[in-house]
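Student: Sharing protein.cif here; it has mmCIF, C-alpha atoms.
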```
data_target
#
loop_
_atom_site.group_PDB
_atom_site.id
_atom_site.type_symbol
_atom_site.label_atom_id
_atom_site.label_comp_id
_atom_site.auth_asym_id
_atom_site.auth_seq_id
_atom_site.Cartn_x
_atom_site.Cartn_y
_atom_site.Cartn_z
ATOM 1 C CA MET A 1 0.000 0.000 0.000
ATOM 2 C CA ILE A 2 2.665 2.464 1.097
ATOM 3 C CA ILE A 3 4.989 1.400 -1.698
ATOM 4 C CA ASN A 4 2.269 2.005 -4.229
ATOM 5 C CA LEU A 5 1.778 5.463 -2.870
ATOM 6 C CA LEU A 6 5.481 6.187 -2.908
ATOM 7 C CA ASN A 7 6.621 4.604 -6.128
ATOM 8 C CA PRO A 8 5.829 7.561 -8.361
ATOM 9 C CA ILE A 9 7.975 9.717 -6.133
ATOM 10 C CA VAL A 10 11.010 7.449 -6.104
ATOM 11 C CA SER A 11 12.037 8.274 -9.644
ATOM 12 C CA GLY A 12 11.978 11.976 -8.946
ATOM 13 C CA ALA A 13 12.582 13.973 -5.812
ATOM 14 C CA ILE A 14 10.920 12.518 -2.757
ATOM 15 C CA SER A 15 8.390 14.949 -1.445
ATOM 16 C CA ASP A 16 9.551 17.109 1.446
ATOM 17 C CA SER A 17 6.170 16.727 3.045
ATOM 18 C CA LEU A 18 6.330 12.942 3.199
ATOM 19 C CA PRO A 19 6.333 12.025 6.911
ATOM 20 C CA ASP A 20 9.503 10.421 8.252
ATOM 21 C CA GLU A 21 7.661 7.303 9.359
ATOM 22 C CA ARG A 22 6.446 6.679 5.802
ATOM 23 C CA VAL A 23 9.937 7.206 4.452
ATOM 24 C CA VAL A 24 11.172 4.595 6.941
ATOM 25 C CA ASP A 25 8.448 2.157 5.849
ATOM 26 C CA ALA A 26 9.330 2.745 2.227
ATOM 27 C CA TYR A 27 13.023 2.155 2.886
ATOM 28 C CA LEU A 28 12.314 -1.067 4.758
ATOM 29 C CA SER A 29 10.033 -2.341 2.015
ATOM 30 C CA THR A 30 12.241 -1.457 -0.923
ATOM 31 C CA GLN A 31 15.773 -1.161 0.559
ATOM 32 C CA ASN A 32 16.122 1.776 -1.818
ATOM 33 C CA SER A 33 18.883 3.964 -0.393
ATOM 34 C CA SER A 34 17.269 7.159 -1.719
ATOM 35 C CA TYR A 35 14.774 6.866 1.118
ATOM 36 C CA PHE A 36 17.519 6.699 3.681
ATOM 37 C CA GLU A 37 19.174 9.687 2.032
ATOM 38 C CA VAL A 38 15.965 11.644 2.579
ATOM 39 C CA LEU A 39 16.183 10.958 6.299
ATOM 40 C CA TYR A 40 19.870 11.812 6.287
ATOM 41 C CA ASP A 41 19.267 15.103 4.488
ATOM 42 C CA ARG A 42 16.511 16.009 6.922
ATOM 43 C CA TYR A 43 18.421 15.284 10.103
ATOM 44 C CA SER A 44 22.188 15.187 9.546
ATOM 45 C CA LYS A 45 22.664 18.861 10.477
ATOM 46 C CA LYS A 46 20.563 18.487 13.616
ATOM 47 C CA VAL A 47 22.433 15.365 14.680
ATOM 48 C CA PHE A 48 25.782 17.006 13.959
ATOM 49 C CA ALA A 49 24.738 20.098 15.958
ATOM 50 C CA LYS A 50 23.881 17.899 18.931
ATOM 51 C CA CYS A 51 27.150 16.013 18.640
ATOM 52 C CA ILE A 52 29.225 19.169 18.467
ATOM 53 C CA SER A 53 27.352 20.677 21.375
ATOM 54 C CA LEU A 54 27.934 17.646 23.575
ATOM 55 C CA LEU A 55 31.338 16.445 22.354
ATOM 56 C CA LYS A 56 32.799 19.947 21.823
ATOM 57 C CA ASN A 57 35.054 18.789 19.015
ATOM 58 C CA GLU A 58 34.344 19.037 15.304
ATOM 59 C CA THR A 59 36.203 15.915 14.201
ATOM 60 C CA LYS A 60 34.661 13.826 16.969
ATOM 61 C CA ALA A 61 31.251 15.246 16.084
ATOM 62 C CA GLU A 62 31.686 14.260 12.425
ATOM 63 C CA ASP A 63 32.766 10.741 13.374
ATOM 64 C CA ALA A 64 29.870 10.478 15.818
ATOM 65 C CA THR A 65 27.359 11.665 13.189
ATOM 66 C CA GLN A 66 28.635 9.018 10.792
ATOM 67 C CA GLU A 67 28.460 6.266 13.414
ATOM 68 C CA ILE A 68 25.000 7.349 14.538
ATOM 69 C CA PHE A 69 23.595 7.167 10.998
ATOM 70 C CA VAL A 70 25.224 3.777 10.411
ATOM 71 C CA LYS A 71 23.597 2.618 13.652
ATOM 72 C CA VAL A 72 20.268 4.072 12.544
ATOM 73 C CA LEU A 73 20.484 2.340 9.168
ATOM 74 C CA LEU A 74 21.354 -1.009 10.717
ATOM 75 C CA ASN A 75 18.592 -0.740 13.320
ATOM 76 C CA LEU A 76 15.892 0.813 11.183
ATOM 77 C CA SER A 77 13.902 -2.420 11.178
ATOM 78 C CA GLY A 78 13.759 -2.130 14.970
ATOM 79 C CA PHE A 79 12.023 1.232 14.760
ATOM 80 C CA SER A 80 8.548 0.363 15.950
ATOM 81 C CA GLY A 81 6.844 3.599 14.962
ATOM 82 C CA LYS A 82 5.454 4.021 18.481
ATOM 83 C CA SER A 83 7.345 7.274 18.806
ATOM 84 C CA LYS A 84 8.218 9.812 16.149
ATOM 85 C CA PHE A 85 11.253 8.966 14.014
ATOM 86 C CA SER A 86 12.961 12.156 15.200
ATOM 87 C CA THR A 87 12.528 11.136 18.859
ATOM 88 C CA TRP A 88 14.019 7.730 18.109
ATOM 89 C CA LEU A 89 16.930 9.331 16.235
ATOM 90 C CA TYR A 90 17.603 11.853 19.020
ATOM 91 C CA SER A 91 17.499 9.028 21.514
ATOM 92 C CA ILE A 92 20.286 7.246 19.614
ATOM 93 C CA THR A 93 22.185 10.526 19.255
ATOM 94 C CA TYR A 94 22.063 11.575 22.909
ATOM 95 C CA ASN A 95 22.835 8.104 24.206
ATOM 96 C CA PHE A 96 25.720 7.721 21.749
ATOM 97 C CA CYS A 97 27.242 11.053 22.800
ATOM 98 C CA ILE A 98 26.814 10.366 26.510
ATOM 99 C CA ASP A 99 28.441 6.934 26.043
ATOM 100 C CA THR A 100 31.337 8.486 24.125
ATOM 101 C CA ILE A 101 31.894 11.059 26.872
ATOM 102 C CA ARG A 102 31.626 8.340 29.511
ATOM 103 C CA LYS A 103 34.269 6.220 27.732
ATOM 104 C CA ASN A 104 36.612 9.194 27.337
ATOM 105 C CA LYS A 105 36.218 10.162 30.971
ATOM 106 C CA LYS A 106 36.863 6.604 32.092
ATOM 107 C CA LYS A 107 40.055 6.671 30.069
ATOM 108 C CA LEU A 108 41.058 9.836 31.841
ATOM 109 C CA GLY A 109 39.987 8.449 35.200
ATOM 110 C CA VAL A 110 37.538 11.279 35.793
ATOM 111 C CA LEU A 111 34.250 10.744 37.583
ATOM 112 C CA VAL A 112 31.442 10.306 35.106
ATOM 113 C CA ASP A 113 28.432 12.594 35.236
ATOM 114 C CA ASP A 114 25.835 10.319 33.845
ATOM 115 C CA ILE A 115 22.525 11.354 32.377
ATOM 116 C CA ASN A 116 20.918 8.849 34.705
ATOM 117 C CA SER A 117 22.828 9.815 37.806
ATOM 118 C CA VAL A 118 20.996 11.103 40.842
ATOM 119 C CA GLY A 119 21.416 14.832 40.908
ATOM 120 C CA GLU A 120 22.862 16.453 43.959
ATOM 121 C CA ASN A 121 20.520 18.433 46.139
ATOM 122 C CA ILE A 122 20.844 22.120 45.654
ATOM 123 C CA SER A 123 19.498 23.829 48.703
ATOM 124 C CA ASP A 124 19.794 27.445 47.620
ATOM 125 C CA ASN A 125 16.871 29.191 46.006
ATOM 126 C CA LEU A 126 17.904 28.660 42.418
ATOM 127 C CA ALA A 127 14.661 28.562 40.521
ATOM 128 C CA ILE A 128 14.806 29.944 36.985
ATOM 129 C CA SER A 129 11.739 30.385 34.824
ATOM 130 C CA ASP A 130 11.524 29.002 31.294
ATOM 131 C CA LYS A 131 11.227 32.552 29.985
ATOM 132 C CA GLU A 132 14.433 33.641 31.718
ATOM 133 C CA LEU A 133 16.217 30.562 30.463
ATOM 134 C CA LEU A 134 15.049 30.999 26.872
ATOM 135 C CA GLU A 135 15.998 34.664 26.885
ATOM 136 C CA THR A 136 19.517 34.164 28.206
ATOM 137 C CA ASN A 137 22.168 35.801 26.075
ATOM 138 C CA VAL A 138 23.280 33.126 23.597
ATOM 139 C CA PHE A 139 27.011 33.451 24.355
ATOM 140 C CA ARG A 140 26.358 33.206 28.088
ATOM 141 C CA LEU A 141 24.048 30.262 27.459
ATOM 142 C CA LYS A 142 26.834 28.467 25.610
ATOM 143 C CA ARG A 143 29.349 29.198 28.369
ATOM 144 C CA VAL A 144 27.049 28.011 31.159
ATOM 145 C CA LEU A 145 25.949 24.879 29.277
ATOM 146 C CA ASP A 146 29.599 23.989 28.783
ATOM 147 C CA GLU A 147 30.184 24.289 32.527
ATOM 148 C CA ILE A 148 27.312 22.142 33.826
ATOM 149 C CA PRO A 149 27.451 18.306 33.789
ATOM 150 C CA THR A 150 26.824 16.741 30.369
ATOM 151 C CA GLY A 151 23.713 14.900 31.542
ATOM 152 C CA ASP A 152 22.144 18.166 32.673
ATOM 153 C CA LYS A 153 23.136 19.887 29.466
ATOM 154 C CA ALA A 154 21.648 17.064 27.393
ATOM 155 C CA ILE A 155 18.330 17.175 29.198
ATOM 156 C CA LEU A 156 18.097 20.954 28.800
ATOM 157 C CA LEU A 157 18.854 20.620 25.074
ATOM 158 C CA MET A 158 16.123 17.987 24.725
ATOM 159 C CA LYS A 159 13.595 20.174 26.480
ATOM 160 C CA TYR A 160 14.421 23.633 25.136
ATOM 161 C CA GLN A 161 16.320 23.112 21.874
ATOM 162 C CA ASP A 162 14.547 20.069 20.484
ATOM 163 C CA GLU A 163 11.330 21.037 22.272
ATOM 164 C CA LEU A 164 10.659 17.396 23.079
ATOM 165 C CA SER A 165 7.712 16.534 25.268
ATOM 166 C CA ILE A 166 8.236 15.053 28.738
ATOM 167 C CA LYS A 167 6.894 11.778 27.330
ATOM 168 C CA ASP A 168 9.534 11.790 24.578
ATOM 169 C CA ILE A 169 12.315 12.554 27.054
ATOM 170 C CA CYS A 170 11.067 9.682 29.250
ATOM 171 C CA GLU A 171 11.537 7.377 26.278
ATOM 172 C CA ILE A 172 15.006 8.703 25.472
ATOM 173 C CA ILE A 173 16.451 8.395 28.949
ATOM 174 C CA ASP A 174 14.210 5.502 29.976
ATOM 175 C CA LYS A 175 12.889 7.159 33.132
ATOM 176 C CA SER A 176 9.477 7.888 34.562
ATOM 177 C CA GLU A 177 7.697 11.184 33.995
ATOM 178 C CA SER A 178 8.292 12.356 37.562
ATOM 179 C CA ALA A 179 11.992 11.454 37.334
ATOM 180 C CA VAL A 180 12.333 13.422 34.101
ATOM 181 C CA LYS A 181 10.589 16.455 35.598
ATOM 182 C CA MET A 182 12.909 16.288 38.595
ATOM 183 C CA LYS A 183 15.970 16.016 36.338
ATOM 184 C CA ILE A 184 14.881 19.063 34.350
ATOM 185 C CA LYS A 185 14.300 21.003 37.576
ATOM 186 C CA ARG A 186 17.733 20.037 38.919
ATOM 187 C CA ALA A 187 19.417 20.835 35.597
ATOM 188 C CA LYS A 188 17.814 24.287 35.615
ATOM 189 C CA GLU A 189 18.992 24.836 39.167
ATOM 190 C CA LYS A 190 22.529 23.872 38.248
ATOM 191 C CA PHE A 191 22.316 26.187 35.248
ATOM 192 C CA LYS A 192 21.231 29.064 37.506
ATOM 193 C CA LYS A 193 23.940 28.289 40.054
ATOM 194 C CA VAL A 194 26.706 28.350 37.424
ATOM 195 C CA TYR A 195 25.168 31.390 35.734
ATOM 196 C CA ASP A 196 25.124 33.308 39.014
ATOM 197 C CA GLU A 197 28.707 32.308 39.780
ATOM 198 C CA LEU A 198 29.863 33.525 36.396
ATOM 199 C CA TYR A 199 27.715 36.589 35.805
ATOM 200 C CA LEU A 200 25.968 37.689 38.973
ATOM 201 C CA ASN A 201 28.232 40.661 39.443
ATOM 202 C CA GLN A 202 27.936 41.677 35.798
ATOM 203 C CA GLY A 203 24.182 42.326 35.671
ATOM 204 C CA ALA A 204 21.348 40.286 34.184
ATOM 205 C CA ALA A 205 21.391 38.409 30.828
ATOM 206 C CA MET B 1 7.558 34.804 18.064
ATOM 207 C CA GLU B 2 9.124 34.151 21.454
ATOM 208 C CA LYS B 3 12.886 34.237 21.763
ATOM 209 C CA ASN B 4 14.604 30.901 22.172
ATOM 210 C CA SER B 5 18.328 31.215 22.853
ATOM 211 C CA PHE B 6 18.715 27.436 22.644
ATOM 212 C CA LYS B 7 17.692 27.530 18.981
ATOM 213 C CA GLU B 8 20.023 30.474 18.392
ATOM 214 C CA LEU B 9 22.812 28.497 20.021
ATOM 215 C CA GLU B 10 22.202 25.566 17.684
ATOM 216 C CA GLU B 11 22.574 27.865 14.665
ATOM 217 C CA LEU B 12 25.601 29.587 16.149
ATOM 218 C CA GLU B 13 27.394 26.310 16.784
ATOM 219 C CA LEU B 14 26.687 25.140 13.248
ATOM 220 C CA LYS B 15 27.933 28.418 11.773
ATOM 221 C CA ASP B 16 31.266 28.038 13.547
ATOM 222 C CA THR B 17 31.940 24.661 11.952
ATOM 223 C CA SER B 18 32.653 23.435 8.465
ATOM 224 C CA PHE B 19 30.046 20.699 8.432
ATOM 225 C CA ASP B 20 30.575 18.572 5.341
ATOM 226 C CA GLU B 21 27.342 16.687 4.767
ATOM 227 C CA ASN B 22 28.683 14.838 1.737
ATOM 228 C CA SER B 23 31.872 13.514 3.283
ATOM 229 C CA ILE B 24 29.851 12.020 6.152
ATOM 230 C CA LYS B 25 27.402 10.558 3.628
ATOM 231 C CA THR B 26 30.333 8.957 1.775
ATOM 232 C CA GLY B 27 31.655 7.623 5.096
ATOM 233 C CA ILE B 28 28.308 6.017 5.882
ATOM 234 C CA SER B 29 28.180 4.403 2.422
ATOM 235 C CA SER B 30 31.646 2.932 2.830
ATOM 236 C CA ASP B 31 30.908 1.679 6.355
ATOM 237 C CA ILE B 32 27.738 0.009 5.133
ATOM 238 C CA GLY B 33 29.545 -1.317 2.046
ATOM 239 C CA LEU B 34 32.213 -2.861 4.254
ATOM 240 C CA LEU B 35 29.618 -4.422 6.555
ATOM 241 C CA LYS B 36 27.714 -5.857 3.577
ATOM 242 C CA PHE B 37 30.974 -7.244 2.222
ATOM 243 C CA ILE B 38 31.793 -8.917 5.554
ATOM 244 C CA VAL B 39 28.266 -10.344 5.788
ATOM 245 C CA SER B 40 28.425 -11.735 2.254
ATOM 246 C CA ILE B 41 31.844 -13.281 2.916
ATOM 247 C CA LEU B 42 30.433 -14.891 6.045
ATOM 248 C CA GLU B 43 27.388 -16.104 4.135
ATOM 249 C CA ILE B 44 29.608 -17.722 1.541
ATOM 250 C CA PHE B 45 32.210 -19.267 3.803
ATOM 251 C CA LEU B 46 30.455 -19.893 7.100
ATOM 252 C CA PRO B 47 28.502 -22.945 5.867
ATOM 253 C CA ASN B 48 31.762 -24.444 4.535
ATOM 254 C CA VAL B 49 33.559 -23.832 7.825
ATOM 255 C CA LEU B 50 30.690 -25.353 9.791
ATOM 256 C CA GLU B 51 30.614 -28.302 7.424
ATOM 257 C CA MET B 52 34.345 -28.773 7.941
ATOM 258 C CA PHE B 53 33.842 -28.964 11.723
ATOM 259 C CA ASP B 54 30.961 -31.382 11.245
ATOM 260 C CA ASP B 55 33.167 -33.613 9.093
ATOM 261 C CA ARG B 56 35.901 -33.588 11.724
ATOM 262 C CA GLU B 57 33.410 -34.501 14.431
ATOM 263 C CA GLN B 58 32.147 -37.300 12.258
ATOM 264 C CA GLU B 59 35.698 -38.563 11.630
ATOM 265 C CA LYS B 60 36.409 -38.576 15.366
ATOM 266 C CA LYS B 61 33.271 -40.598 16.001
ATOM 267 C CA ASP B 62 34.173 -43.067 13.262
#
```
Starting from the file, lay out its structure as structure tokens.

Tutor:
Amino acid sequence: MIINLLNPIVSGAISDSLPDERVVDAYLSTQNSSYFEVLYDRYSKKVFAKCISLLKNETKAEDATQEIFVKVLLNLSGFSGKSKFSTWLYSITYNFCIDTIRKNKKKLGVLVDDINSVGENISDNLAISDKELLETNVFRLKRVLDEIPTGDKAILLMKYQDELSIKDICEIIDKSESAVKMKIKRAKEKFKKVYDELYLNQGAA
Amino acid sequence: MEKNSFKELEELELKDTSFDENSIKTGISSDIGLLKFIVSILEIFLPNVLEMFDDREQEKKD
């Protein structure tokens, strides 16, 4: 059914409006690499941006992007379609980057700040509203995100850059809704703490 | 439209890099090509190798 709908498009350019999930189905049914290329063209920049943001190195980010798409291609048949393709792809991306950082830190003998680790309790009043967070000066945002633990950074990127729902984030980090909400809260508190340490005496964002 | 510094950051970080979409695409193709090659080699030779072990087992029994 899907193949019949798609076949006329295969010979020419595949429609931009074709949903990702249908492109996946078409790839799985036909093994035609043009379908996979569509997915690559749609998401490679996004994936690379995430990799560079988390790995902080262009070469490593390029290698990671390549490995992530190879992983995606090899596991595409395992994509159940329960979640959006983008959520599934971001899940692979974030987990790949966190694993890479974890391996590198182990090599260096540094304590790992895991995305699933229990956040420390921050007793100070460090609440920051979404509005304040979203309106932070972009250069300061970058600086602060680079200072906080990777797991906290990743969860803030999922929530505010990818605008993923709590449900989607639950799927990515395999945690309950309340745990995800708590992690976001703690990540925001850590953000505020670092922000205040760096910029409190220099005025607001 | 509301300001979202996280989105701005994403664009900023991409601007500062020389992201080469095509070289990564080529890398993926060669990785997949290599994997397919390995799988086809295994498909061709694995039955023969298994058969060889079977024969040896049989010889031992005899």

Student: So which residues get picked by the PyMOL selection byres ((chain B) within 8 of (chain A)) here, written as a list in words?

Tutor: Lys3, Asn4, Ser5, Phe6, Lys7, Glu8, Leu9, Glu10, Glu13, Leu14, Thr17, Phe19, Glu21, Ile24, Lys25, Gly27, Ile28, Asp31 and Ile32 of chain B

Student: Considering all atoms listed in the file, can you say which of A:Ser176, A:Arg42, A:Val194, A:Thr93 comes closest to Ser17 in chain A?

Tutor: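 Closest to Ser17 in chain A of all the choices is A:Arg42.
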
Student: Just say which residues the PyMOL selection byres ((chain A and resi 155) around 10) picks in this file, as a PyMOL selection string.

Tutor: chain A and resi 94+115+150-154+156-162+164+169+172-173+180+183-184+187-188

Student: What's the separation between CA of Phe53 in chain B and CA of Ile38 in chain B, in Å to one decimal place?

Tutor: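 Separating CA of Phe53 in chain B from CA of Ile38 in chain B is a distance of 21.1 Å.
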
Student: Just to confirm, what's the straight-line distance from CA of Leu50 in chain B to CA of Gly78 in chain A in Å (one decimal)?

Tutor: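 Computing it gives 29.2 Å between the two atoms.
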
Student: Can you work out which one of A:Ile98, A:Leu55, A:Leu76, A:Met182 has the shortest atom-to-atom distance to Val23 in chain A, counting all atoms listed in the file?

Tutor: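 Once distances to Val23 in chain A are computed over all atoms listed in the file, the minimum belongs to A:Leu76.
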
Student: Would you work out the distance separating CA of Asp168 in chain A from CA of Lys193 in chain A, expressed in Å to one decimal?

Tutor: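 Pair CA of Asp168 in chain A / CA of Lys193 in chain A returns 26.8 Å.
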